[in-house]
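As provided, structure.cif (mmCIF, N, CA and C atoms) reads as follows.
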```
data_protein
#
loop_
_atom_site.group_PDB
_atom_site.id
_atom_site.type_symbol
_atom_site.label_atom_id
_atom_site.label_comp_id
_atom_site.auth_asym_id
_atom_site.auth_seq_id
_atom_site.Cartn_x
_atom_site.Cartn_y
_atom_site.Cartn_z
ATOM 1 N N MET A 1 0.856 -1.170 0.000
ATOM 2 C CA MET A 1 0.000 0.000 0.000
ATOM 3 C C MET A 1 0.903 1.234 0.000
ATOM 4 N N GLU A 2 0.606 2.169 -0.821
ATOM 5 C CA GLU A 2 1.337 3.429 -0.856
ATOM 6 C C GLU A 2 0.396 4.537 -0.435
ATOM 7 N N ILE A 3 0.860 5.345 0.514
ATOM 8 C CA ILE A 3 0.057 6.464 1.006
ATOM 9 C C ILE A 3 0.896 7.724 0.869
ATOM 10 N N ILE A 4 0.313 8.762 0.316
ATOM 11 C CA ILE A 4 1.019 10.022 0.142
ATOM 12 C C ILE A 4 0.359 11.081 1.015
ATOM 13 N N SER A 5 1.163 11.687 1.858
ATOM 14 C CA SER A 5 0.696 12.776 2.717
ATOM 15 C C SER A 5 1.313 14.069 2.199
ATOM 16 N N HIS A 6 0.535 15.135 2.263
ATOM 17 C CA HIS A 6 1.013 16.416 1.758
ATOM 18 C C HIS A 6 1.327 17.421 2.856
ATOM 19 N N SER A 7 1.150 17.013 4.118
ATOM 20 C CA SER A 7 1.433 17.934 5.220
ATOM 21 C C SER A 7 1.581 17.157 6.517
ATOM 22 N N LEU A 8 2.125 17.828 7.527
ATOM 23 C CA LEU A 8 2.242 17.204 8.847
ATOM 24 C C LEU A 8 0.867 16.921 9.443
ATOM 25 N N VAL A 9 -0.102 17.777 9.161
ATOM 26 C CA VAL A 9 -1.461 17.567 9.657
ATOM 27 C C VAL A 9 -2.039 16.288 9.057
ATOM 28 N N GLU A 10 -1.862 16.092 7.753
ATOM 29 C CA GLU A 10 -2.331 14.865 7.111
ATOM 30 C C GLU A 10 -1.609 13.637 7.673
ATOM 31 N N THR A 11 -0.312 13.772 7.931
ATOM 32 C CA THR A 11 0.455 12.658 8.480
ATOM 33 C C THR A 11 -0.051 12.296 9.869
ATOM 34 N N GLU A 12 -0.340 13.291 10.688
ATOM 35 C CA GLU A 12 -0.854 13.003 12.024
ATOM 36 C C GLU A 12 -2.241 12.371 11.960
ATOM 37 N N GLN A 13 -3.076 12.810 11.037
ATOM 38 C CA GLN A 13 -4.403 12.195 10.872
ATOM 39 C C GLN A 13 -4.251 10.742 10.434
ATOM 40 N N LEU A 14 -3.314 10.490 9.555
ATOM 41 C CA LEU A 14 -3.026 9.120 9.129
ATOM 42 C C LEU A 14 -2.565 8.274 10.318
ATOM 43 N N ALA A 15 -1.744 8.859 11.187
ATOM 44 C CA ALA A 15 -1.283 8.151 12.390
ATOM 45 C C ALA A 15 -2.466 7.787 13.284
ATOM 46 N N VAL A 16 -3.399 8.707 13.470
ATOM 47 C CA VAL A 16 -4.591 8.449 14.284
ATOM 48 C C VAL A 16 -5.389 7.290 13.689
ATOM 49 N N GLU A 17 -5.615 7.340 12.382
ATOM 50 C CA GLU A 17 -6.390 6.284 11.717
ATOM 51 C C GLU A 17 -5.684 4.938 11.801
ATOM 52 N N CYS A 18 -4.386 4.943 11.595
ATOM 53 C CA CYS A 18 -3.601 3.710 11.669
ATOM 54 C C CYS A 18 -3.646 3.125 13.075
ATOM 55 N N LEU A 19 -3.453 3.958 14.081
ATOM 56 C CA LEU A 19 -3.483 3.486 15.472
ATOM 57 C C LEU A 19 -4.858 2.950 15.849
ATOM 58 N N ALA A 20 -5.904 3.601 15.400
ATOM 59 C CA ALA A 20 -7.259 3.119 15.694
ATOM 60 C C ALA A 20 -7.454 1.713 15.140
ATOM 61 N N GLN A 21 -6.983 1.482 13.913
ATOM 62 C CA GLN A 21 -7.097 0.151 13.306
ATOM 63 C C GLN A 21 -6.226 -0.863 14.048
ATOM 64 N N LEU A 22 -5.015 -0.464 14.423
ATOM 65 C CA LEU A 22 -4.123 -1.373 15.148
ATOM 66 C C LEU A 22 -4.686 -1.744 16.517
ATOM 67 N N ILE A 23 -5.329 -0.786 17.180
ATOM 68 C CA ILE A 23 -5.949 -1.077 18.482
ATOM 69 C C ILE A 23 -7.080 -2.078 18.300
ATOM 70 N N LYS A 24 -7.873 -1.897 17.280
ATOM 71 C CA LYS A 24 -8.961 -2.831 17.007
ATOM 72 C C LYS A 24 -8.411 -4.240 16.782
ATOM 73 N N GLU A 25 -7.356 -4.355 15.993
ATOM 74 C CA GLU A 25 -6.741 -5.659 15.724
ATOM 75 C C GLU A 25 -6.092 -6.239 16.979
ATOM 76 N N LYS A 26 -5.456 -5.382 17.785
ATOM 77 C CA LYS A 26 -4.793 -5.858 19.004
ATOM 78 C C LYS A 26 -5.813 -6.423 19.976
ATOM 79 N N ARG A 27 -6.946 -5.791 20.093
ATOM 80 C CA ARG A 27 -7.979 -6.302 21.001
ATOM 81 C C ARG A 27 -8.450 -7.679 20.575
ATOM 82 N N GLN A 28 -8.371 -7.967 19.299
ATOM 83 C CA GLN A 28 -8.786 -9.279 18.801
ATOM 84 C C GLN A 28 -7.708 -10.333 19.032
ATOM 85 N N THR A 29 -6.427 -9.953 18.933
ATOM 86 C CA THR A 29 -5.343 -10.926 19.064
ATOM 87 C C THR A 29 -4.712 -10.925 20.444
ATOM 88 N N GLY A 30 -4.666 -9.761 21.091
ATOM 89 C CA GLY A 30 -4.051 -9.649 22.405
ATOM 90 C C GLY A 30 -2.537 -9.747 22.390
ATOM 91 N N LYS A 31 -1.919 -9.667 21.238
ATOM 92 C CA LYS A 31 -0.468 -9.810 21.122
ATOM 93 C C LYS A 31 0.194 -8.473 20.814
ATOM 94 N N ALA A 32 1.521 -8.489 20.859
ATOM 95 C CA ALA A 32 2.294 -7.294 20.511
ATOM 96 C C ALA A 32 2.004 -6.911 19.061
ATOM 97 N N THR A 33 2.225 -5.661 18.748
ATOM 98 C CA THR A 33 1.947 -5.151 17.415
ATOM 99 C C THR A 33 3.248 -4.699 16.766
ATOM 100 N N THR A 34 3.488 -5.137 15.540
ATOM 101 C CA THR A 34 4.666 -4.724 14.780
ATOM 102 C C THR A 34 4.201 -4.093 13.478
ATOM 103 N N VAL A 35 4.758 -2.923 13.184
ATOM 104 C CA VAL A 35 4.432 -2.230 11.945
ATOM 105 C C VAL A 35 5.738 -1.971 11.215
ATOM 106 N N GLY A 36 5.810 -2.335 9.958
ATOM 107 C CA GLY A 36 6.993 -2.067 9.151
ATOM 108 C C GLY A 36 6.742 -0.919 8.202
ATOM 109 N N LEU A 37 7.657 0.017 8.186
ATOM 110 C CA LEU A 37 7.583 1.136 7.245
ATOM 111 C C LEU A 37 8.733 0.977 6.267
ATOM 112 N N ILE A 38 8.416 0.921 5.001
ATOM 113 C CA ILE A 38 9.429 0.722 3.974
ATOM 114 C C ILE A 38 9.396 1.915 3.031
ATOM 115 N N GLY A 39 10.564 2.470 2.761
ATOM 116 C CA GLY A 39 10.621 3.591 1.837
ATOM 117 C C GLY A 39 12.034 4.083 1.672
ATOM 118 N N ASN A 40 12.241 4.873 0.649
ATOM 119 C CA ASN A 40 13.554 5.444 0.388
ATOM 120 C C ASN A 40 13.940 6.440 1.475
ATOM 121 N N LEU A 41 15.197 6.771 1.518
ATOM 122 C CA LEU A 41 15.692 7.798 2.419
ATOM 123 C C LEU A 41 14.910 9.079 2.163
ATOM 124 N N GLY A 42 14.367 9.675 3.226
ATOM 125 C CA GLY A 42 13.614 10.914 3.087
ATOM 126 C C GLY A 42 12.165 10.739 2.689
ATOM 127 N N SER A 43 11.669 9.502 2.728
ATOM 128 C CA SER A 43 10.287 9.263 2.295
ATOM 129 C C SER A 43 9.258 9.537 3.388
ATOM 130 N N GLY A 44 9.705 9.775 4.629
ATOM 131 C CA GLY A 44 8.772 10.142 5.693
ATOM 132 C C GLY A 44 8.546 9.094 6.763
ATOM 133 N N LYS A 45 9.376 8.073 6.815
ATOM 134 C CA LYS A 45 9.197 7.012 7.816
ATOM 135 C C LYS A 45 9.333 7.564 9.238
ATOM 136 N N THR A 46 10.372 8.351 9.487
ATOM 137 C CA THR A 46 10.543 8.924 10.819
ATOM 138 C C THR A 46 9.496 9.997 11.093
ATOM 139 N N THR A 47 9.112 10.752 10.097
ATOM 140 C CA THR A 47 8.058 11.762 10.274
ATOM 141 C C THR A 47 6.761 11.090 10.693
ATOM 142 N N PHE A 48 6.440 9.960 10.069
ATOM 143 C CA PHE A 48 5.237 9.223 10.457
ATOM 144 C C PHE A 48 5.385 8.684 11.887
ATOM 145 N N THR A 49 6.551 8.157 12.212
ATOM 146 C CA THR A 49 6.781 7.647 13.570
ATOM 147 C C THR A 49 6.658 8.777 14.589
ATOM 148 N N GLN A 50 7.139 9.956 14.260
ATOM 149 C CA GLN A 50 6.995 11.114 15.156
ATOM 150 C C GLN A 50 5.530 11.457 15.352
ATOM 151 N N ALA A 51 4.739 11.377 14.301
ATOM 152 C CA ALA A 51 3.301 11.644 14.413
ATOM 153 C C ALA A 51 2.633 10.595 15.292
ATOM 154 N N VAL A 52 2.989 9.336 15.104
ATOM 155 C CA VAL A 52 2.451 8.266 15.958
ATOM 156 C C VAL A 52 2.821 8.540 17.407
ATOM 157 N N ALA A 53 4.067 8.903 17.649
ATOM 158 C CA ALA A 53 4.519 9.182 19.017
ATOM 159 C C ALA A 53 3.725 10.324 19.642
ATOM 160 N N ARG A 54 3.500 11.403 18.888
ATOM 161 C CA ARG A 54 2.706 12.526 19.414
ATOM 162 C C ARG A 54 1.308 12.071 19.787
ATOM 163 N N VAL A 55 0.678 11.297 18.897
ATOM 164 C CA VAL A 55 -0.675 10.808 19.154
ATOM 165 C C VAL A 55 -0.699 9.921 20.392
ATOM 166 N N LEU A 56 0.371 9.156 20.599
ATOM 167 C CA LEU A 56 0.449 8.261 21.764
ATOM 168 C C LEU A 56 0.894 8.979 23.044
ATOM 169 N N GLY A 57 1.120 10.286 22.960
ATOM 170 C CA GLY A 57 1.439 11.062 24.149
ATOM 171 C C GLY A 57 2.912 11.186 24.476
ATOM 172 N N VAL A 58 3.799 10.804 23.577
ATOM 173 C CA VAL A 58 5.236 10.963 23.818
ATOM 174 C C VAL A 58 5.549 12.452 23.768
ATOM 175 N N THR A 59 6.152 12.960 24.824
ATOM 176 C CA THR A 59 6.436 14.394 24.887
ATOM 177 C C THR A 59 7.887 14.715 24.547
ATOM 178 N N GLY A 60 8.763 13.750 24.644
ATOM 179 C CA GLY A 60 10.171 13.980 24.323
ATOM 180 C C GLY A 60 10.406 14.022 22.828
ATOM 181 N N ARG A 61 11.616 14.357 22.476
ATOM 182 C CA ARG A 61 11.997 14.442 21.072
ATOM 183 C C ARG A 61 12.141 13.036 20.488
ATOM 184 N N VAL A 62 11.533 12.797 19.350
ATOM 185 C CA VAL A 62 11.606 11.512 18.665
ATOM 186 C C VAL A 62 12.460 11.711 17.420
ATOM 187 N N THR A 63 13.594 11.010 17.383
ATOM 188 C CA THR A 63 14.508 11.127 16.256
ATOM 189 C C THR A 63 14.767 9.753 15.654
ATOM 190 N N SER A 64 15.328 9.747 14.467
ATOM 191 C CA SER A 64 15.628 8.489 13.796
ATOM 192 C C SER A 64 16.714 7.732 14.561
ATOM 193 N N PRO A 65 16.520 6.431 14.751
ATOM 194 C CA PRO A 65 17.541 5.628 15.433
ATOM 195 C C PRO A 65 18.604 5.102 14.464
ATOM 196 N N THR A 66 18.968 5.909 13.469
ATOM 197 C CA THR A 66 19.893 5.487 12.429
ATOM 198 C C THR A 66 21.188 4.910 13.002
ATOM 199 N N PHE A 67 21.772 5.558 13.988
ATOM 200 C CA PHE A 67 23.073 5.133 14.493
ATOM 201 C C PHE A 67 22.976 4.206 15.687
ATOM 202 N N VAL A 68 21.896 4.296 16.449
ATOM 203 C CA VAL A 68 21.759 3.444 17.641
ATOM 204 C C VAL A 68 20.894 2.217 17.367
ATOM 205 N N ILE A 69 20.326 2.108 16.211
ATOM 206 C CA ILE A 69 19.484 1.004 15.736
ATOM 207 C C ILE A 69 18.091 1.001 16.378
ATOM 208 N N MET A 70 17.986 1.238 17.688
ATOM 209 C CA MET A 70 16.680 1.156 18.352
ATOM 210 C C MET A 70 16.521 2.243 19.410
ATOM 211 N N LYS A 71 15.323 2.812 19.467
ATOM 212 C CA LYS A 71 14.967 3.754 20.534
ATOM 213 C C LYS A 71 13.650 3.290 21.137
ATOM 214 N N ASN A 72 13.564 3.390 22.440
ATOM 215 C CA ASN A 72 12.377 2.952 23.173
ATOM 216 C C ASN A 72 11.753 4.162 23.873
ATOM 217 N N TYR A 73 10.478 4.386 23.633
ATOM 218 C CA TYR A 73 9.749 5.489 24.262
ATOM 219 C C TYR A 73 8.665 4.884 25.139
ATOM 220 N N ARG A 74 8.741 5.136 26.431
ATOM 221 C CA ARG A 74 7.734 4.637 27.379
ATOM 222 C C ARG A 74 6.477 5.474 27.213
ATOM 223 N N LEU A 75 5.343 4.803 27.094
ATOM 224 C CA LEU A 75 4.064 5.496 26.935
ATOM 225 C C LEU A 75 3.386 5.646 28.289
ATOM 226 N N SER A 76 2.728 6.759 28.494
ATOM 227 C CA SER A 76 1.979 6.986 29.724
ATOM 228 C C SER A 76 0.731 6.117 29.728
ATOM 229 N N GLU A 77 0.377 5.638 30.891
ATOM 230 C CA GLU A 77 -0.839 4.836 30.995
ATOM 231 C C GLU A 77 -2.062 5.733 30.840
ATOM 232 N N GLY A 78 -3.075 5.185 30.210
ATOM 233 C CA GLY A 78 -4.340 5.892 30.113
ATOM 234 C C GLY A 78 -4.421 6.940 29.027
ATOM 235 N N VAL A 79 -3.415 7.003 28.138
ATOM 236 C CA VAL A 79 -3.485 7.975 27.045
ATOM 237 C C VAL A 79 -4.598 7.537 26.098
ATOM 238 N N ALA A 80 -5.470 8.455 25.784
ATOM 239 C CA ALA A 80 -6.576 8.150 24.864
ATOM 240 C C ALA A 80 -6.302 8.812 23.525
ATOM 241 N N LEU A 81 -6.599 8.089 22.491
ATOM 242 C CA LEU A 81 -6.462 8.650 21.156
ATOM 243 C C LEU A 81 -7.614 9.605 20.890
ATOM 244 N N PRO A 82 -7.455 10.473 19.899
ATOM 245 C CA PRO A 82 -8.574 11.359 19.542
ATOM 246 C C PRO A 82 -9.851 10.593 19.194
ATOM 247 N N THR A 83 -9.705 9.311 18.890
ATOM 248 C CA THR A 83 -10.881 8.501 18.585
ATOM 249 C C THR A 83 -11.507 7.932 19.859
ATOM 250 N N SER A 84 -11.016 8.338 21.027
ATOM 251 C CA SER A 84 -11.517 7.928 22.343
ATOM 252 C C SER A 84 -11.114 6.517 22.740
ATOM 253 N N LYS A 85 -10.254 5.886 21.998
ATOM 254 C CA LYS A 85 -9.835 4.539 22.339
ATOM 255 C C LYS A 85 -8.560 4.602 23.147
ATOM 256 N N ALA A 86 -8.526 3.902 24.257
ATOM 257 C CA ALA A 86 -7.345 3.895 25.111
ATOM 258 C C ALA A 86 -6.209 3.150 24.424
ATOM 259 N N THR A 87 -5.000 3.605 24.655
ATOM 260 C CA THR A 87 -3.828 2.977 24.075
ATOM 261 C C THR A 87 -3.484 1.702 24.840
ATOM 262 N N PRO A 88 -3.403 0.566 24.150
ATOM 263 C CA PRO A 88 -3.133 -0.694 24.843
ATOM 264 C C PRO A 88 -1.648 -1.039 24.966
ATOM 265 N N TRP A 89 -0.771 -0.163 24.522
ATOM 266 C CA TRP A 89 0.655 -0.461 24.546
ATOM 267 C C TRP A 89 1.372 0.280 25.664
ATOM 268 N N GLY A 90 2.479 -0.282 26.116
ATOM 269 C CA GLY A 90 3.286 0.365 27.145
ATOM 270 C C GLY A 90 4.498 1.078 26.587
ATOM 271 N N ASN A 91 4.919 0.700 25.384
ATOM 272 C CA ASN A 91 6.115 1.273 24.765
ATOM 273 C C ASN A 91 5.912 1.466 23.276
ATOM 274 N N LEU A 92 6.603 2.459 22.751
ATOM 275 C CA LEU A 92 6.760 2.621 21.315
ATOM 276 C C LEU A 92 8.233 2.358 21.056
ATOM 277 N N ILE A 93 8.528 1.324 20.308
ATOM 278 C CA ILE A 93 9.912 0.967 20.007
ATOM 279 C C ILE A 93 10.149 1.240 18.534
ATOM 280 N N HIS A 94 11.097 2.116 18.268
ATOM 281 C CA HIS A 94 11.416 2.553 16.909
ATOM 282 C C HIS A 94 12.751 1.919 16.532
ATOM 283 N N ILE A 95 12.717 1.017 15.552
ATOM 284 C CA ILE A 95 13.913 0.289 15.135
ATOM 285 C C ILE A 95 14.279 0.664 13.715
ATOM 286 N N TYR A 96 15.541 0.895 13.492
ATOM 287 C CA TYR A 96 16.059 1.230 12.171
ATOM 288 C C TYR A 96 16.805 0.014 11.652
ATOM 289 N N CYS A 97 16.261 -0.651 10.670
ATOM 290 C CA CYS A 97 16.817 -1.928 10.194
ATOM 291 C C CYS A 97 17.645 -1.810 8.919
ATOM 292 N N TYR A 98 17.775 -0.640 8.380
ATOM 293 C CA TYR A 98 18.437 -0.476 7.077
ATOM 294 C C TYR A 98 19.850 -1.045 7.070
ATOM 295 N N ARG A 99 20.615 -0.807 8.146
ATOM 296 C CA ARG A 99 22.011 -1.253 8.175
ATOM 297 C C ARG A 99 22.173 -2.699 8.618
ATOM 298 N N LEU A 100 21.104 -3.325 9.060
ATOM 299 C CA LEU A 100 21.217 -4.700 9.549
ATOM 300 C C LEU A 100 21.304 -5.671 8.380
ATOM 301 N N GLU A 101 22.221 -6.598 8.476
ATOM 302 C CA GLU A 101 22.362 -7.611 7.420
ATOM 303 C C GLU A 101 21.729 -8.926 7.812
ATOM 304 N N SER A 102 21.598 -9.186 9.104
ATOM 305 C CA SER A 102 20.985 -10.437 9.551
ATOM 306 C C SER A 102 20.326 -10.240 10.898
#
```
Encoded form (structure tokens):
Amino acid sequence: MEIISHSLVETEQLAVECLAQLIKEKRQTGKATTVGLIGNLGSGKTTFTQAVARVLGVTGRVTSPTFVIMKNYRLSEGVALPTSKATPWGNLIHIYCYRLES
């Protein structure tokens, strides 16, 4: 699926919609959720992750984990999405896999 956003506002709305769908699926499976973002350098993967983090209530700076491979952001309990659905996750883990060979 290819999605094109033309602004940060559109990207954040996309994050809200994506999270709402993921919460619905998580309630059905009860398992951890993994989302893969694939795209060229500069295609907006980190921008989308930053939007997801904002929606999930992350207040700190969210940057690409290009050099450290992984960043973990602890989520506050009870954060509700604009869709009124409570967030079922405890962490947002942002992994950069581009440099990994195995």
* To do: Mind the document's chain letters and residue numbers, and return as a list in words the residues of chain A that DSSP labels strand (DSSP E).
  =>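 Answer for chain A restricted to strand (DSSP E) is Met70, Lys71, Asn72, Tyr73, Arg74, Asn91, Leu92, Ile93, His94 and Ile95 of chain A.
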Could you dump the residues just selected with N, CA and C atoms as a compact mmCIF listing (two decimals), in the coordinates of the input?
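File out-v5.txt, as written:
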```
# COMPACT_ATOMS: atom_id res chain seq x y z
N MET A 70 17.99 1.24 17.69
CA MET A 70 16.68 1.16 18.35
C MET A 70 16.52 2.24 19.41
N LYS A 71 15.32 2.81 19.47
CA LYS A 71 14.97 3.75 20.53
C LYS A 71 13.65 3.29 21.14
N ASN A 72 13.56 3.39 22.44
CA ASN A 72 12.38 2.95 23.17
C ASN A 72 11.75 4.16 23.87
N TYR A 73 10.48 4.39 23.63
CA TYR A 73 9.75 5.49 24.26
C TYR A 73 8.66 4.88 25.14
N ARG A 74 8.74 5.14 26.43
CA ARG A 74 7.73 4.64 27.38
C ARG A 74 6.48 5.47 27.21
N ASN A 91 4.92 0.70 25.38
CA ASN A 91 6.12 1.27 24.76
C ASN A 91 5.91 1.47 23.28
N LEU A 92 6.60 2.46 22.75
CA LEU A 92 6.76 2.62 21.32
C LEU A 92 8.23 2.36 21.06
N ILE A 93 8.53 1.32 20.31
CA ILE A 93 9.91 0.97 20.01
C ILE A 93 10.15 1.24 18.53
N HIS A 94 11.10 2.12 18.27
CA HIS A 94 11.42 2.55 16.91
C HIS A 94 12.75 1.92 16.53
N ILE A 95 12.72 1.02 15.55
CA ILE A 95 13.91 0.29 15.14
C ILE A 95 14.28 0.66 13.72
```
Give me, as JSON lines, each residue of region 24-51 of chain A that comes within 8 Å of region 16-19 of chain A, together with its shortest interatomic pair and the distance in Å at one decimal, counting all atoms listed in the file, with rows ordered by chain and rising residue number.
```
{"residue": "A:Lys24", "atom": "N", "partner": "A:Leu19", "partner_atom": "C", "distance": 5.9}
{"residue": "A:Glu25", "atom": "N", "partner": "A:Leu19", "partner_atom": "C", "distance": 7.7}
{"residue": "A:Ala51", "atom": "C", "partner": "A:Val16", "partner_atom": "N", "distance": 6.6}
```
* To do: Using the chain letters and numbers from the file, give me the residues hit by the PyMOL selection byres (((chain A and resi 52-56 and name CA) around 9) and name CA), as a list in words.
  => Thr11, Glu12, Leu14, Ala15, Val16, Cys18, Leu19, Thr47, Phe48, Thr49, Gln50, Ala51, Gly57, Val58, Thr59, Val62, Tyr73, Leu75, Ser76, Val79, Ala80, Leu81, Pro82, Thr87 and Leu92 of chain A
Kindly export the residues of the current selection with N, CA and C atoms, as a tab-separated table (two decimals), in the coordinates of the input.
```tsv
chain	number	residue	atom	x	y	z
A	11	THR	N	-0.31	13.77	7.93
A	11	THR	CA	0.46	12.66	8.48
A	11	THR	C	-0.05	12.30	9.87
A	12	GLU	N	-0.34	13.29	10.69
A	12	GLU	CA	-0.85	13.00	12.02
A	12	GLU	C	-2.24	12.37	11.96
A	14	LEU	N	-3.31	10.49	9.56
A	14	LEU	CA	-3.03	9.12	9.13
A	14	LEU	C	-2.56	8.27	10.32
A	15	ALA	N	-1.74	8.86	11.19
A	15	ALA	CA	-1.28	8.15	12.39
A	15	ALA	C	-2.47	7.79	13.28
A	16	VAL	N	-3.40	8.71	13.47
A	16	VAL	CA	-4.59	8.45	14.28
A	16	VAL	C	-5.39	7.29	13.69
A	18	CYS	N	-4.39	4.94	11.60
A	18	CYS	CA	-3.60	3.71	11.67
A	18	CYS	C	-3.65	3.12	13.08
A	19	LEU	N	-3.45	3.96	14.08
A	19	LEU	CA	-3.48	3.49	15.47
A	19	LEU	C	-4.86	2.95	15.85
A	47	THR	N	9.11	10.75	10.10
A	47	THR	CA	8.06	11.76	10.27
A	47	THR	C	6.76	11.09	10.69
A	48	PHE	N	6.44	9.96	10.07
A	48	PHE	CA	5.24	9.22	10.46
A	48	PHE	C	5.38	8.68	11.89
A	49	THR	N	6.55	8.16	12.21
A	49	THR	CA	6.78	7.65	13.57
A	49	THR	C	6.66	8.78	14.59
A	50	GLN	N	7.14	9.96	14.26
A	50	GLN	CA	7.00	11.11	15.16
A	50	GLN	C	5.53	11.46	15.35
A	51	ALA	N	4.74	11.38	14.30
A	51	ALA	CA	3.30	11.64	14.41
A	51	ALA	C	2.63	10.60	15.29
A	57	GLY	N	1.12	10.29	22.96
A	57	GLY	CA	1.44	11.06	24.15
A	57	GLY	C	2.91	11.19	24.48
A	58	VAL	N	3.80	10.80	23.58
A	58	VAL	CA	5.24	10.96	23.82
A	58	VAL	C	5.55	12.45	23.77
A	59	THR	N	6.15	12.96	24.82
A	59	THR	CA	6.44	14.39	24.89
A	59	THR	C	7.89	14.72	24.55
A	62	VAL	N	11.53	12.80	19.35
A	62	VAL	CA	11.61	11.51	18.66
A	62	VAL	C	12.46	11.71	17.42
A	73	TYR	N	10.48	4.39	23.63
A	73	TYR	CA	9.75	5.49	24.26
A	73	TYR	C	8.66	4.88	25.14
A	75	LEU	N	5.34	4.80	27.09
A	75	LEU	CA	4.06	5.50	26.94
A	75	LEU	C	3.39	5.65	28.29
A	76	SER	N	2.73	6.76	28.49
A	76	SER	CA	1.98	6.99	29.72
A	76	SER	C	0.73	6.12	29.73
A	79	VAL	N	-3.42	7.00	28.14
A	79	VAL	CA	-3.48	7.98	27.04
A	79	VAL	C	-4.60	7.54	26.10
A	80	ALA	N	-5.47	8.46	25.78
A	80	ALA	CA	-6.58	8.15	24.86
A	80	ALA	C	-6.30	8.81	23.52
A	81	LEU	N	-6.60	8.09	22.49
A	81	LEU	CA	-6.46	8.65	21.16
A	81	LEU	C	-7.61	9.60	20.89
A	82	PRO	N	-7.46	10.47	19.90
A	82	PRO	CA	-8.57	11.36	19.54
A	82	PRO	C	-9.85	10.59	19.19
A	87	THR	N	-5.00	3.60	24.66
A	87	THR	CA	-3.83	2.98	24.08
A	87	THR	C	-3.48	1.70	24.84
A	92	LEU	N	6.60	2.46	22.75
A	92	LEU	CA	6.76	2.62	21.32
A	92	LEU	C	8.23	2.36	21.06
```
* What does the distance between atom N of Gln13 (chain A) and CA of Thr33 (chain A) come to in Å, to one decimal place? -> 19.7 Å
* **Gap from CA of His94 (chain A) to atom C of His6 (chain A) - Å, one decimal** =>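 Pair CA of His94 (chain A) / atom C of His6 (chain A) returns 22.8 Å.
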